[in-house]
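Colleague: My structure is in entry_30.csv, and what it holds is CSV, C-alpha atoms and all ligand atoms:
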chain,number,residue,atom,x,y,z
A,1,MET,CA,-30.9,46.7,-57.4
A,2,ASN,CA,-30.8,44.6,-60.5
A,3,CYS,CA,-27.4,46.1,-61.6
A,4,ARG,CA,-27.2,45.9,-65.4
A,5,HIS,CA,-23.5,45.2,-65.3
A,6,CYS,CA,-23.7,42.4,-62.7
A,7,TYR,CA,-21.0,39.7,-63.3
A,8,HIS,CA,-23.9,37.2,-63.0
A,9,PRO,CA,-26.9,36.8,-65.2
A,10,PRO,CA,-30.3,36.8,-63.3
A,11,HIS,CA,-30.6,33.0,-63.3
A,12,GLU,CA,-27.3,32.7,-61.4
A,13,ARG,CA,-28.5,35.1,-58.7
A,14,THR,CA,-29.9,32.3,-56.6
A,15,GLY,CA,-29.3,33.9,-53.2
A,16,GLY,CA,-28.1,31.8,-50.4
A,17,VAL,CA,-26.0,32.6,-47.3
A,18,MET,CA,-22.9,30.7,-46.3
A,19,PRO,CA,-23.8,28.3,-43.5
A,20,PRO,CA,-21.7,28.6,-40.3
A,21,GLU,CA,-19.8,25.3,-40.8
A,22,ILE,CA,-18.6,26.4,-44.3
A,23,LEU,CA,-17.7,29.9,-42.9
A,24,GLU,CA,-15.6,28.3,-40.2
A,25,ARG,CA,-14.0,25.9,-42.6
A,26,VAL,CA,-12.9,28.7,-44.9
A,27,ILE,CA,-11.5,30.8,-42.1
A,28,ARG,CA,-9.7,27.8,-40.4
A,29,LYS,CA,-8.2,26.5,-43.6
A,30,ALA,CA,-7.0,30.0,-44.6
A,31,SER,CA,-5.4,30.5,-41.1
A,32,GLU,CA,-3.6,27.1,-41.3
A,33,GLU,CA,-2.0,27.8,-44.6
A,34,TYR,CA,-1.5,31.5,-45.3
A,35,GLU,CA,0.5,34.1,-43.4
A,36,THR,CA,-1.8,37.0,-44.4
A,37,VAL,CA,-5.4,36.7,-45.6
A,38,TRP,CA,-7.7,39.4,-47.1
A,39,PHE,CA,-11.3,38.5,-46.9
A,40,ILE,CA,-13.6,40.4,-49.3
A,41,TRP,CA,-17.3,40.0,-48.5
A,42,HIS,CA,-19.5,40.7,-51.5
A,43,GLY,CA,-22.3,40.0,-53.8
A,44,GLY,CA,-25.2,39.6,-54.1
A,45,GLU,CA,-25.6,42.2,-51.5
A,46,PRO,CA,-23.5,41.3,-48.4
A,47,LEU,CA,-25.6,43.5,-46.0
A,48,LEU,CA,-28.7,41.4,-46.7
A,49,VAL,CA,-27.4,39.1,-43.9
A,50,PRO,CA,-27.7,40.3,-40.4
A,51,LEU,CA,-24.8,42.0,-38.6
A,52,SER,CA,-24.6,38.8,-36.5
A,53,PHE,CA,-23.1,37.0,-39.5
A,54,TYR,CA,-20.1,39.3,-39.6
A,55,LYS,CA,-19.8,39.3,-35.8
A,56,ASP,CA,-19.6,35.5,-36.0
A,57,ALA,CA,-17.0,35.8,-38.9
A,58,ALA,CA,-15.0,38.2,-36.8
A,59,SER,CA,-15.1,35.8,-33.8
A,60,LEU,CA,-13.9,33.0,-36.0
A,61,GLN,CA,-11.1,35.1,-37.3
A,62,GLU,CA,-10.1,35.9,-33.8
A,63,LYS,CA,-10.3,32.2,-32.8
A,64,TYR,CA,-8.0,31.0,-35.7
A,65,PHE,CA,-5.8,34.0,-36.4
A,66,GLY,CA,-5.7,35.5,-32.9
A,67,LYS,CA,-7.2,38.7,-31.5
A,68,ASP,CA,-6.4,41.9,-33.4
A,69,SER,CA,-4.2,39.9,-35.7
A,70,HIS,CA,-2.3,41.8,-38.4
A,71,ARG,CA,-2.5,38.7,-40.5
A,72,VAL,CA,-6.2,39.4,-41.4
A,73,SER,CA,-7.9,42.2,-43.2
A,74,ASN,CA,-11.5,42.5,-44.3
A,75,THR,CA,-13.4,44.5,-46.9
A,76,ILE,CA,-17.2,44.6,-47.4
A,77,GLN,CA,-18.3,45.7,-50.9
A,78,THR,CA,-21.9,46.8,-50.7
A,79,ASN,CA,-24.4,48.8,-52.7
A,80,GLY,CA,-24.8,51.0,-49.6
A,81,THR,CA,-28.6,50.8,-49.3
A,82,LEU,CA,-28.5,48.9,-46.0
A,83,ILE,CA,-25.6,50.6,-44.2
A,84,SER,CA,-26.5,51.7,-40.7
A,85,LYS,CA,-24.6,53.6,-38.0
A,86,LYS,CA,-24.5,50.4,-36.0
A,87,PHE,CA,-22.9,48.6,-38.9
A,88,MET,CA,-20.3,51.4,-39.5
A,89,ASN,CA,-19.4,51.4,-35.8
A,90,PHE,CA,-18.8,47.6,-36.0
A,91,CYS,CA,-16.6,48.1,-39.0
A,92,LYS,CA,-14.7,50.8,-37.2
A,93,GLU,CA,-14.1,48.6,-34.2
A,94,LYS,CA,-13.0,45.7,-36.3
A,95,LYS,CA,-11.1,47.8,-38.8
A,96,ILE,CA,-13.2,46.5,-41.7
A,97,ASN,CA,-12.8,48.5,-45.0
A,98,VAL,CA,-16.2,49.5,-46.5
A,99,GLY,CA,-16.5,49.9,-50.3
A,100,VAL,CA,-19.7,51.3,-51.8
A,101,SER,CA,-20.5,50.5,-55.4
A,102,PHE,CA,-22.0,53.7,-56.7
A,103,GLU,CA,-21.7,56.0,-59.6
A,104,GLY,CA,-23.0,59.2,-58.0
A,105,PRO,CA,-24.6,61.4,-60.6
A,106,CYS,CA,-24.7,58.5,-63.1
A,107,ASN,CA,-26.0,55.8,-60.7
A,108,ASN,CA,-29.3,55.4,-62.5
A,109,ILE,CA,-27.6,54.2,-65.7
A,110,LEU,CA,-26.5,50.9,-64.2
A,111,ARG,CA,-28.8,50.4,-61.2
A,112,GLU,CA,-32.3,50.8,-60.1
A,113,MET,CA,-31.9,53.8,-57.8
A,114,THR,CA,-33.5,54.0,-54.4
A,115,GLY,CA,-31.8,57.1,-53.0
A,116,LEU,CA,-30.7,55.2,-50.0
A,117,THR,CA,-27.1,54.9,-51.1
A,118,GLU,CA,-26.7,58.7,-51.4
A,119,LYS,CA,-28.4,59.2,-48.0
A,120,ASN,CA,-26.2,56.6,-46.3
A,121,ILE,CA,-23.1,58.1,-47.9
A,122,GLY,CA,-24.2,61.4,-46.3
A,123,MET,CA,-24.6,59.7,-42.9
A,124,MET,CA,-21.1,58.1,-43.2
A,125,LYS,CA,-19.5,61.4,-44.1
A,126,LYS,CA,-21.2,63.2,-41.3
A,127,GLY,CA,-20.2,60.5,-38.8
A,128,GLY,CA,-16.5,60.7,-40.0
A,129,HIS,CA,-16.6,57.0,-41.1
A,130,LYS,CA,-13.9,55.8,-43.4
A,131,PHE,CA,-15.1,54.3,-46.7
A,132,SER,CA,-14.4,54.4,-50.4
A,133,VAL,CA,-16.6,54.4,-53.5
A,134,SER,CA,-16.2,52.1,-56.5
A,135,SER,CA,-17.7,53.4,-59.7
A,136,ALA,CA,-18.2,51.1,-62.7
A,137,ILE,CA,-18.1,53.0,-65.9
A,138,CYS,CA,-20.0,51.9,-69.0
A,139,SER,CA,-20.4,53.2,-72.6
A,140,HIS,CA,-23.3,55.4,-71.5
A,141,ASP,CA,-21.5,57.4,-68.8
A,142,VAL,CA,-17.9,57.3,-69.9
A,143,LYS,CA,-18.2,61.0,-71.1
A,144,GLU,CA,-19.3,61.8,-67.5
A,145,LEU,CA,-16.1,60.4,-65.9
A,146,MET,CA,-14.9,63.9,-64.9
A,147,ASN,CA,-18.3,64.7,-63.3
A,148,ILE,CA,-18.2,61.5,-61.4
A,149,TYR,CA,-14.7,62.3,-60.2
A,150,ASP,CA,-15.6,65.8,-59.2
A,151,HIS,CA,-18.7,64.6,-57.4
A,152,PHE,CA,-16.7,62.3,-55.0
A,153,MET,CA,-13.4,64.1,-54.8
A,154,GLY,CA,-15.2,67.3,-54.1
A,155,ASP,CA,-16.7,65.6,-51.1
A,156,GLY,CA,-13.4,64.1,-49.9
A,157,ILE,CA,-14.4,60.6,-50.8
A,158,ALA,CA,-11.9,58.0,-52.0
A,159,LEU,CA,-12.8,56.8,-55.5
A,160,SER,CA,-12.0,53.7,-57.4
A,161,LEU,CA,-12.8,53.5,-61.1
A,162,SER,CA,-13.3,50.4,-63.3
A,163,HIS,CA,-14.9,49.7,-66.6
A,164,VAL,CA,-17.8,47.4,-67.3
A,165,ILE,CA,-16.8,44.1,-68.9
A,166,ARG,CA,-19.0,41.9,-71.1
A,167,SER,CA,-19.9,39.3,-68.5
A,168,GLY,CA,-23.0,38.0,-66.9
A,169,SER,CA,-25.7,40.6,-67.3
A,170,ALA,CA,-23.6,43.1,-69.1
A,171,THR,CA,-23.9,43.2,-72.9
A,172,GLU,CA,-21.2,44.2,-75.4
A,173,ASP,CA,-22.7,47.6,-76.1
A,174,MET,CA,-22.3,48.5,-72.4
A,175,VAL,CA,-18.5,48.1,-72.6
A,176,PRO,CA,-16.9,51.6,-73.1
A,177,ASP,CA,-14.7,52.2,-76.1
A,178,ALA,CA,-11.1,51.6,-75.0
A,179,ASP,CA,-9.7,54.9,-76.3
A,180,GLU,CA,-12.5,57.0,-75.0
A,181,TYR,CA,-12.3,55.4,-71.5
A,182,ALA,CA,-8.5,55.7,-71.4
A,183,ASP,CA,-8.6,59.4,-72.6
A,184,MET,CA,-11.1,60.3,-69.9
A,185,SER,CA,-9.2,58.3,-67.3
A,186,ILE,CA,-6.0,60.2,-68.1
A,187,LYS,CA,-7.8,63.5,-67.8
A,188,VAL,CA,-9.1,62.5,-64.4
A,189,PHE,CA,-5.7,61.4,-63.3
A,190,ASP,CA,-4.1,64.7,-64.4
A,191,ARG,CA,-6.7,66.6,-62.5
A,192,TRP,CA,-6.1,64.6,-59.4
A,193,LEU,CA,-2.3,64.7,-59.8
A,194,HIS,CA,-2.3,68.5,-59.8
A,195,ASP,CA,-4.9,68.9,-57.1
A,196,VAL,CA,-2.7,69.8,-54.2
A,197,ASN,CA,-5.7,69.7,-51.9
A,198,ALA,CA,-6.8,66.2,-52.9
A,199,GLU,CA,-7.7,64.5,-49.6
A,200,MET,CA,-8.2,61.0,-51.0
A,201,PRO,CA,-6.4,58.5,-53.3
A,202,LEU,CA,-7.7,57.8,-56.8
A,203,MET,CA,-7.7,54.1,-57.8
A,204,PRO,CA,-6.4,52.3,-59.8
A,205,HIS,CA,-4.3,55.4,-60.7
A,206,MET,CA,-2.5,55.5,-57.4
A,207,GLN,CA,-1.7,51.8,-57.8
A,208,TYR,CA,-0.3,52.5,-61.2
A,209,VAL,CA,1.9,55.3,-59.7
A,210,MET,CA,3.3,52.8,-57.2
A,211,ASN,CA,3.8,50.3,-60.1
A,212,ALA,CA,5.6,52.9,-62.1
A,213,LEU,CA,7.9,53.5,-59.1
A,214,GLY,CA,8.7,49.8,-59.0
A,215,GLU,CA,6.4,48.7,-56.3
A,216,PRO,CA,3.3,47.0,-57.7
A,217,THR,CA,0.6,46.6,-55.0
A,218,PRO,CA,-0.8,43.2,-54.4
A,219,ALA,CA,-4.3,44.7,-54.3
A,220,ASP,CA,-4.0,45.5,-58.0
A,221,CYS,CA,-4.6,41.8,-58.8
A,222,ALA,CA,-4.7,42.2,-62.5
A,223,HIS,CA,-1.1,43.6,-62.7
A,224,SER,CA,0.5,41.8,-59.8
A,225,SER,CA,-0.5,38.3,-61.0
A,226,CYS,CA,-3.4,36.8,-59.1
A,227,ILE,CA,-2.7,33.2,-59.8
A,228,PHE,CA,-2.5,31.1,-56.7
A,229,LYS,CA,-3.2,34.2,-54.6
A,230,TRP,CA,-6.9,34.7,-54.9
A,231,MET,CA,-9.9,32.5,-54.7
A,232,SER,CA,-13.7,33.0,-54.5
A,233,VAL,CA,-15.7,30.8,-52.2
A,234,TYR,CA,-19.4,30.6,-52.9
A,235,PRO,CA,-22.0,30.2,-50.1
A,236,ASN,CA,-22.2,26.4,-50.8
A,237,GLY,CA,-18.4,26.0,-50.5
A,238,ASP,CA,-17.7,25.8,-54.3
A,239,ILE,CA,-14.4,27.5,-55.1
A,240,TYR,CA,-13.6,29.5,-58.2
A,241,PRO,CA,-10.4,31.2,-59.2
A,242,CYS,CA,-12.0,34.7,-59.1
A,243,ALA,CA,-15.1,36.4,-58.0
A,244,LYS,CA,-15.4,38.1,-61.4
A,245,GLY,CA,-18.2,36.0,-62.8
A,246,CYS,CA,-16.2,32.8,-63.8
A,247,PRO,CA,-18.1,30.4,-66.1
A,248,SER,CA,-19.2,27.2,-64.4
A,249,GLY,CA,-16.4,25.2,-66.1
A,250,PHE,CA,-14.0,27.2,-63.9
A,251,ARG,CA,-15.3,25.7,-60.7
A,252,LEU,CA,-12.2,24.3,-59.0
A,253,CYS,CA,-13.7,22.1,-56.3
A,254,ASN,CA,-15.8,22.3,-53.2
A,255,ILE,CA,-14.1,23.2,-49.9
A,256,ALA,CA,-15.4,20.0,-48.4
A,257,ASP,CA,-13.3,18.0,-50.8
A,258,ILE,CA,-9.9,19.4,-50.0
A,259,GLU,CA,-7.4,19.2,-47.1
A,260,ARG,CA,-5.7,22.5,-47.7
A,261,LEU,CA,-7.1,25.6,-49.5
A,262,SER,CA,-4.3,25.6,-52.0
A,263,ASP,CA,-5.3,22.0,-53.1
A,264,ALA,CA,-8.0,23.9,-55.1
A,265,PHE,CA,-5.3,25.2,-57.4
A,266,MET,CA,-4.3,21.7,-58.3
A,267,SER,CA,-7.6,20.9,-60.0
A,268,ASP,CA,-7.9,20.2,-63.8
A,269,SER,CA,-10.0,23.4,-64.4
A,270,MET,CA,-7.2,25.5,-62.8
A,271,LYS,CA,-4.6,23.8,-65.0
A,272,ASP,CA,-6.7,24.6,-68.1
A,273,MET,CA,-7.1,28.3,-67.1
A,274,LEU,CA,-3.4,28.4,-66.2
A,275,SER,CA,-2.2,27.1,-69.5
A,276,ALA,CA,-4.4,29.5,-71.5
A,277,SER,CA,-3.1,32.3,-69.3
A,278,VAL,CA,0.5,31.3,-69.7
A,279,GLU,CA,0.0,31.3,-73.5
A,280,ARG,CA,-1.4,34.8,-73.3
A,281,ARG,CA,1.5,36.0,-71.1
A,282,SER,CA,4.1,34.4,-73.4
A,283,LYS,CA,2.7,36.5,-76.2
A,284,CYS,CA,2.8,39.6,-73.9
A,285,MET,CA,6.4,38.9,-72.8
A,286,SER,CA,7.6,38.7,-76.4
A,287,SER,CA,5.7,41.7,-77.7
A,288,CYS,CA,4.9,44.2,-75.0
A,289,SER,CA,7.4,46.6,-73.3
A,290,LEU,CA,4.9,47.0,-70.4
A,291,TYR,CA,4.9,43.3,-69.4
A,292,LYS,CA,6.9,43.8,-66.3
A,293,HIS,CA,4.3,46.3,-65.1
A,294,CYS,CA,1.3,44.5,-66.4
A,295,ASN,CA,2.0,40.8,-66.0
A,296,GLY,CA,-0.4,40.0,-68.8
A,297,GLY,CA,-3.4,41.5,-67.1
A,298,CYS,CA,-6.6,39.8,-65.9
A,299,SER,CA,-7.5,36.4,-67.3
A,300,ILE,CA,-11.2,36.9,-66.7
A,301,ASP,CA,-11.1,40.2,-68.6
A,302,ALA,CA,-9.3,38.4,-71.5
A,303,LEU,CA,-11.9,35.7,-71.4
A,304,SER,CA,-14.8,38.3,-71.4
A,305,GLU,CA,-13.1,40.0,-74.4
A,306,GLY,CA,-13.0,36.8,-76.5
A,307,ASN,CA,-10.1,34.5,-75.6
A,308,ILE,CA,-8.2,33.9,-72.4
A,309,SER,CA,-5.0,33.1,-74.4
A,310,GLU,CA,-5.0,36.3,-76.4
A,311,ASN,CA,-4.0,39.8,-75.4
A,312,GLY,CA,-5.0,43.0,-77.2
A,313,GLY,CA,-8.6,43.2,-75.8
A,314,THR,CA,-10.3,46.3,-74.4
A,315,SER,CA,-8.6,46.0,-70.9
A,316,CYS,CA,-5.2,45.6,-72.5
A,317,LEU,CA,-5.7,48.6,-74.7
A,318,MET,CA,-6.9,50.7,-71.8
A,319,PHE,CA,-4.0,49.7,-69.5
A,320,LYS,CA,-1.5,50.4,-72.2
A,321,LYS,CA,-2.7,53.9,-72.8
A,322,ILE,CA,-3.4,54.9,-69.1
A,323,PHE,CA,-0.3,53.3,-67.7
A,324,SER,CA,2.0,54.6,-70.3
A,325,HIS,CA,0.8,58.1,-69.5
A,326,ILE,CA,1.3,57.6,-65.8
A,327,LEU,CA,4.7,56.0,-66.3
A,328,ALA,CA,5.9,58.9,-68.5
A,329,THR,CA,4.6,61.4,-66.0
A,330,ILE,CA,6.4,59.8,-63.1
A,331,ASN,CA,9.5,59.4,-65.2
A,332,ASP,CA,9.4,63.1,-66.1
A,333,ILE,CA,8.8,64.2,-62.5
A,334,ILE,CA,11.9,62.3,-61.3
A,335,ARG,CA,14.2,62.9,-64.3
A,336,GLU,CA,13.5,66.7,-64.4
A,337,ARG,CA,13.5,67.0,-60.6
A,338,ARG,CA,10.2,68.8,-60.8
A,339,ASP,CA,8.9,70.8,-57.9
A,340,LEU,CA,6.9,68.2,-56.0
A,341,SER,CA,4.7,70.9,-54.3
A,342,ALA,CA,2.8,71.0,-57.6
A,343,TYR,CA,1.3,67.5,-57.0
A,344,ASN,CA,-1.1,65.9,-54.6
A,345,ARG,CA,0.3,64.5,-51.4
A,346,PHE,CA,-0.2,60.9,-52.4
A,347,VAL,CA,2.0,61.1,-55.4
A,348,ARG,CA,4.4,63.5,-53.6
A,349,GLU,CA,4.9,61.1,-50.7
A,350,ALA,CA,5.3,58.1,-53.1
A,351,VAL,CA,8.0,59.9,-55.1
A,352,ILE,CA,9.8,61.1,-52.1
A,353,GLY,CA,9.7,57.6,-50.6
A,354,LYS,CA,11.4,56.3,-53.7
A,355,LEU,CA,13.9,59.1,-53.9
A,356,VAL,CA,14.9,58.4,-50.3
A,357,ASN,CA,15.4,54.8,-51.3
A,358,PRO,CA,16.6,55.0,-54.8
A,359,LYS,CA,17.7,51.4,-55.2
A,360,ILE,CA,14.1,50.3,-55.6
A,361,VAL,CA,13.2,53.0,-58.1
A,362,ASN,CA,12.5,51.0,-61.2
A,363,ILE,CA,12.7,53.7,-63.9
A,401,LIG,S1,-8.8,36.9,-62.5
A,401,LIG,FE1,-8.6,39.1,-62.8
A,401,LIG,S2,-10.0,40.1,-61.3
A,401,LIG,FE2,-9.8,37.9,-60.8
A,401,LIG,S3,-8.2,37.9,-59.2
A,401,LIG,FE3,-7.2,37.5,-61.2
A,401,LIG,S4,-6.6,39.5,-62.0
A,401,LIG,FE4,-8.1,39.9,-60.3
A,402,LIG,S1,-0.6,45.7,-71.8
A,402,LIG,FE1,-1.6,44.1,-73.0
A,402,LIG,S2,0.0,43.2,-74.3
A,402,LIG,FE2,1.0,44.4,-72.6
A,402,LIG,S3,1.4,42.9,-71.0
A,402,LIG,FE3,-0.6,43.8,-70.5
A,402,LIG,S4,-2.1,42.4,-71.5
A,402,LIG,FE4,-0.1,42.0,-72.4
With the file now loaded, output its structure as structure tokens.

Modeller:
Amino acid sequence: MNCRHCYHPPHERTGGVMPPEILERVIRKASEEYETVWFIWHGGEPLLVPLSFYKDAASLQEKYFGKDSHRVSNTIQTNGTLISKKFMNFCKEKKINVGVSFEGPCNNILREMTGLTEKNIGMMKKGGHKFSVSSAICSHDVKELMNIYDHFMGDGIALSLSHVIRSGSATEDMVPDADEYADMSIKVFDRWLHDVNAEMPLMPHMQYVMNALGEPTPADCAHSSCIFKWMSVYPNGDIYPCAKGCPSGFRLCNIADIERLSDAFMSDSMKDMLSASVERRSKCMSSCSLYKHCNGGCSIDALSEGNISENGGTSCLMFKKIFSHILATINDIIRERRDLSAYNRFVREAVIGKLVNPKIVNI
């Protein structure tokens, strides 16, 4: 679909499918070393491979982790054009999360539209399948954030919002203004918060609510510190610290060269990234009251905004504004013992959970 905000420039989109021996090696090594593993299958477009690829992956996971193991979870992040009923039934059977990258009414801004995504979302809705939508917001549609929210929430579809970063194909002018994005994001949060009929969570806002309540979720990688927890394995077995379009100098190693997966974190390129990241976090720790909630943010975002060892970029400014609003809101709800029936069930249940267990309330 030639997405204009792709983390990779066109010359890096060389295609390739992970061969079976590398797939098995990744799954085996992960099972040998980690108690729980989250596999995220994504881009290019993960549904360009036949369903048999994922059936093989599921069999390998069963072989190494055990059948129906709670140690493994899977997410497929797709542009939605090739989703079929057969694929969705397989995902249901194997409890695979499906995320669709789509901006609804603004999809033509970042992607070459085919209409298939919309059609398949209709099919999934009609079939009662579980899925969520991830919308990437750029400077050209940031004003439409509320329309995008209404489009999906009105249909009972879980929505995750993120902003376009200057990386790969995305140019600087596509990055939304930090204040404009944060203000729109706050408006969307407030609408969702007060929508007592909201059927679905809104991300990352719900993660921020949990964070404000003292329980950062590991899925919020940028604010629960990703280092030593995430890696990206390319089809040829090359390992990078993150899937967010790392520059080639960030290549850690090839999976064929290491005994244990965590050996990848011992490479010189990881040490370089780590020391720059520590430098940024040290500045955050001494200057930012939100550090315990933010953890210094995402290193790749900082890199895309100019310097991995500096804070204060677009992502930092957005987080400060959006999170401060959510933190203040949650503080007020608890301090003033507000009537919880005025809020959606996700926030209501999270707040009640913390009130029942006050020792872990962090406010
Ligand atoms: S580098 Fe950023 S996007 Fe990548 S895993 Fe870490 S926090 Fe997440
Ligand atoms: S909000 Fe910005 S300054 Fe504060 S901890 Fe996060 S990255 Fe650092």

Colleague: Within 9 Å of ligand LIG 401 (chain A), counting all atoms listed in the file: which residues, as a PyMOL selection string?

Modeller: chain A and resi 219-227+229-232+241-246+297-302

Colleague: Pick out the residues no farther than 8 Å from ligand LIG 402 (chain A), counting all atoms listed in the file, and list them as a list in words.

Modeller: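 Answer in the requested format: His223, Arg280, Arg281, Lys283, Cys284, Met285, Ser287, Cys288, Ser289, Leu290, Tyr291, Lys292, His293, Cys294, Asn295, Gly296, Gly297, Cys298, Asn311, Gly312, Gly313, Ser315, Cys316, Leu317, Phe319 and Lys320 of chain A.
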
Colleague: Would you mind reading off the distance between CA of Leu47 (chain A) and CA of Ser84 (chain A), one decimal, in Å?

Modeller: 9.8 Å

Colleague: Using all atoms listed in the file, which protein or nucleic acid residues come within 12 Å of Ala328 (chain A)? Drop anything in the same chain fewer than 3 positions from it, and give the result as a PyMOL selection string.

Modeller: chain A and resi 186+208-209+212-213+320-325+331-336+363

Colleague: The residues within 7 Å of (-28.1, 46.2, -50.5), using all atoms listed in the file and the coordinates of the file, should be reported as a PyMOL selection string; which are they?

Modeller: chain A and resi 45+47-48+78-82

Colleague: Could you state the separation of CA of Gly156 (chain A) and CA of His42 (chain A) in Å, given to one decimal place?

Modeller: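 So the answer is 24.2 Å.
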
Colleague: Please, which residues are within 8 Å of (-19.1, 41.5, -41.2) by the file's coordinates, counting all atoms listed in the file, and could they come as a PDB file with C-alpha atoms, keeping the file's coordinate frame?

Modeller:
ATOM      1  CA  TRP A  41     -17.300  40.000 -48.500  1.00  0.00           C
ATOM      2  CA  LEU A  51     -24.800  42.000 -38.600  1.00  0.00           C
ATOM      3  CA  SER A  52     -24.600  38.800 -36.500  1.00  0.00           C
ATOM      4  CA  PHE A  53     -23.100  37.000 -39.500  1.00  0.00           C
ATOM      5  CA  TYR A  54     -20.100  39.300 -39.600  1.00  0.00           C
ATOM      6  CA  LYS A  55     -19.800  39.300 -35.800  1.00  0.00           C
ATOM      7  CA  ASP A  56     -19.600  35.500 -36.000  1.00  0.00           C
ATOM      8  CA  ALA A  57     -17.000  35.800 -38.900  1.00  0.00           C
ATOM      9  CA  ALA A  58     -15.000  38.200 -36.800  1.00  0.00           C
ATOM     10  CA  ILE A  76     -17.200  44.600 -47.400  1.00  0.00           C
ATOM     11  CA  CYS A  91     -16.600  48.100 -39.000  1.00  0.00           C
ATOM     12  CA  ILE A  96     -13.200  46.500 -41.700  1.00  0.00           C
TER      13      ILE A  96
END

Colleague: Go through A:Arg4, A:Pro201, A:Ser160, A:Phe250 one by one, measure the shortest atom-to-atom distance of each to His140 (chain A) using all atoms listed in the file, and give the residue with the smallest value.

Modeller: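 That would be A:Arg4, the residue with the smallest distance to His140 (chain A).
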
Colleague: Measure the distance from CA of Pro247 (chain A) to CA of Leu303 (chain A) in Å and round it to one decimal.

Modeller: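 CA of Leu303 (chain A) lies at a distance of 9.7 Å from CA of Pro247 (chain A).
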
Colleague: I'd like the neighbourhood of Ala170 (chain A) as a list in words, where a residue qualifies if any of its atoms comes within 8 Å (using only C-alpha atoms), though same-chain residues fewer than 6 positions away should be ignored.

Modeller: Arg4, His5, Cys6, Tyr7 and Val164 of chain A

Colleague: Complete the atoms of region 303-316 of chain A to N, CA and C atoms and put them out as a JSON list (two decimals), in the coordinates of the input.

Modeller:
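out30.json was written with the following content:
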[["chain", "number", "residue", "atom", "x", "y", "z"],
["A", 303, "LEU", "N", -10.89, 36.66, -71.06],
["A", 303, "LEU", "CA", -11.90, 35.70, -71.40],
["A", 303, "LEU", "C", -13.20, 36.47, -71.87],
["A", 304, "SER", "N", -13.55, 37.51, -71.11],
["A", 304, "SER", "CA", -14.80, 38.30, -71.40],
["A", 304, "SER", "C", -14.62, 39.01, -72.76],
["A", 305, "GLU", "N", -13.35, 39.23, -73.15],
["A", 305, "GLU", "CA", -13.10, 40.00, -74.40],
["A", 305, "GLU", "C", -12.88, 39.00, -75.56],
["A", 306, "GLY", "N", -13.09, 37.72, -75.34],
["A", 306, "GLY", "CA", -13.00, 36.80, -76.50],
["A", 306, "GLY", "C", -12.21, 35.55, -76.24],
["A", 307, "ASN", "N", -11.00, 35.68, -75.66],
["A", 307, "ASN", "CA", -10.10, 34.50, -75.60],
["A", 307, "ASN", "C", -9.09, 34.71, -74.49],
["A", 308, "ILE", "N", -9.08, 33.79, -73.56],
["A", 308, "ILE", "CA", -8.20, 33.90, -72.40],
["A", 308, "ILE", "C", -6.70, 33.83, -72.83],
["A", 309, "SER", "N", -6.44, 33.22, -73.98],
["A", 309, "SER", "CA", -5.00, 33.10, -74.40],
["A", 309, "SER", "C", -4.57, 34.19, -75.33],
["A", 310, "GLU", "N", -5.41, 35.21, -75.49],
["A", 310, "GLU", "CA", -5.00, 36.30, -76.40],
["A", 310, "GLU", "C", -4.97, 37.64, -75.59],
["A", 311, "ASN", "N", -4.02, 38.49, -75.93],
["A", 311, "ASN", "CA", -4.00, 39.80, -75.40],
["A", 311, "ASN", "C", -4.62, 40.78, -76.45],
["A", 312, "GLY", "N", -4.56, 42.06, -76.18],
["A", 312, "GLY", "CA", -5.00, 43.00, -77.20],
["A", 312, "GLY", "C", -6.51, 43.39, -77.07],
["A", 313, "GLY", "N", -7.18, 42.89, -76.03],
["A", 313, "GLY", "CA", -8.60, 43.20, -75.80],
["A", 313, "GLY", "C", -8.75, 44.63, -75.22],
["A", 314, "THR", "N", -9.99, 44.97, -74.90],
["A", 314, "THR", "CA", -10.30, 46.30, -74.40],
["A", 314, "THR", "C", -9.45, 46.64, -73.13],
["A", 315, "SER", "N", -9.36, 45.70, -72.19],
["A", 315, "SER", "CA", -8.60, 46.00, -70.90],
["A", 315, "SER", "C", -7.17, 46.22, -71.20],
["A", 316, "CYS", "N", -6.61, 45.42, -72.10],
["A", 316, "CYS", "CA", -5.20, 45.60, -72.50],
["A", 316, "CYS", "C", -4.96, 46.95, -73.11]]
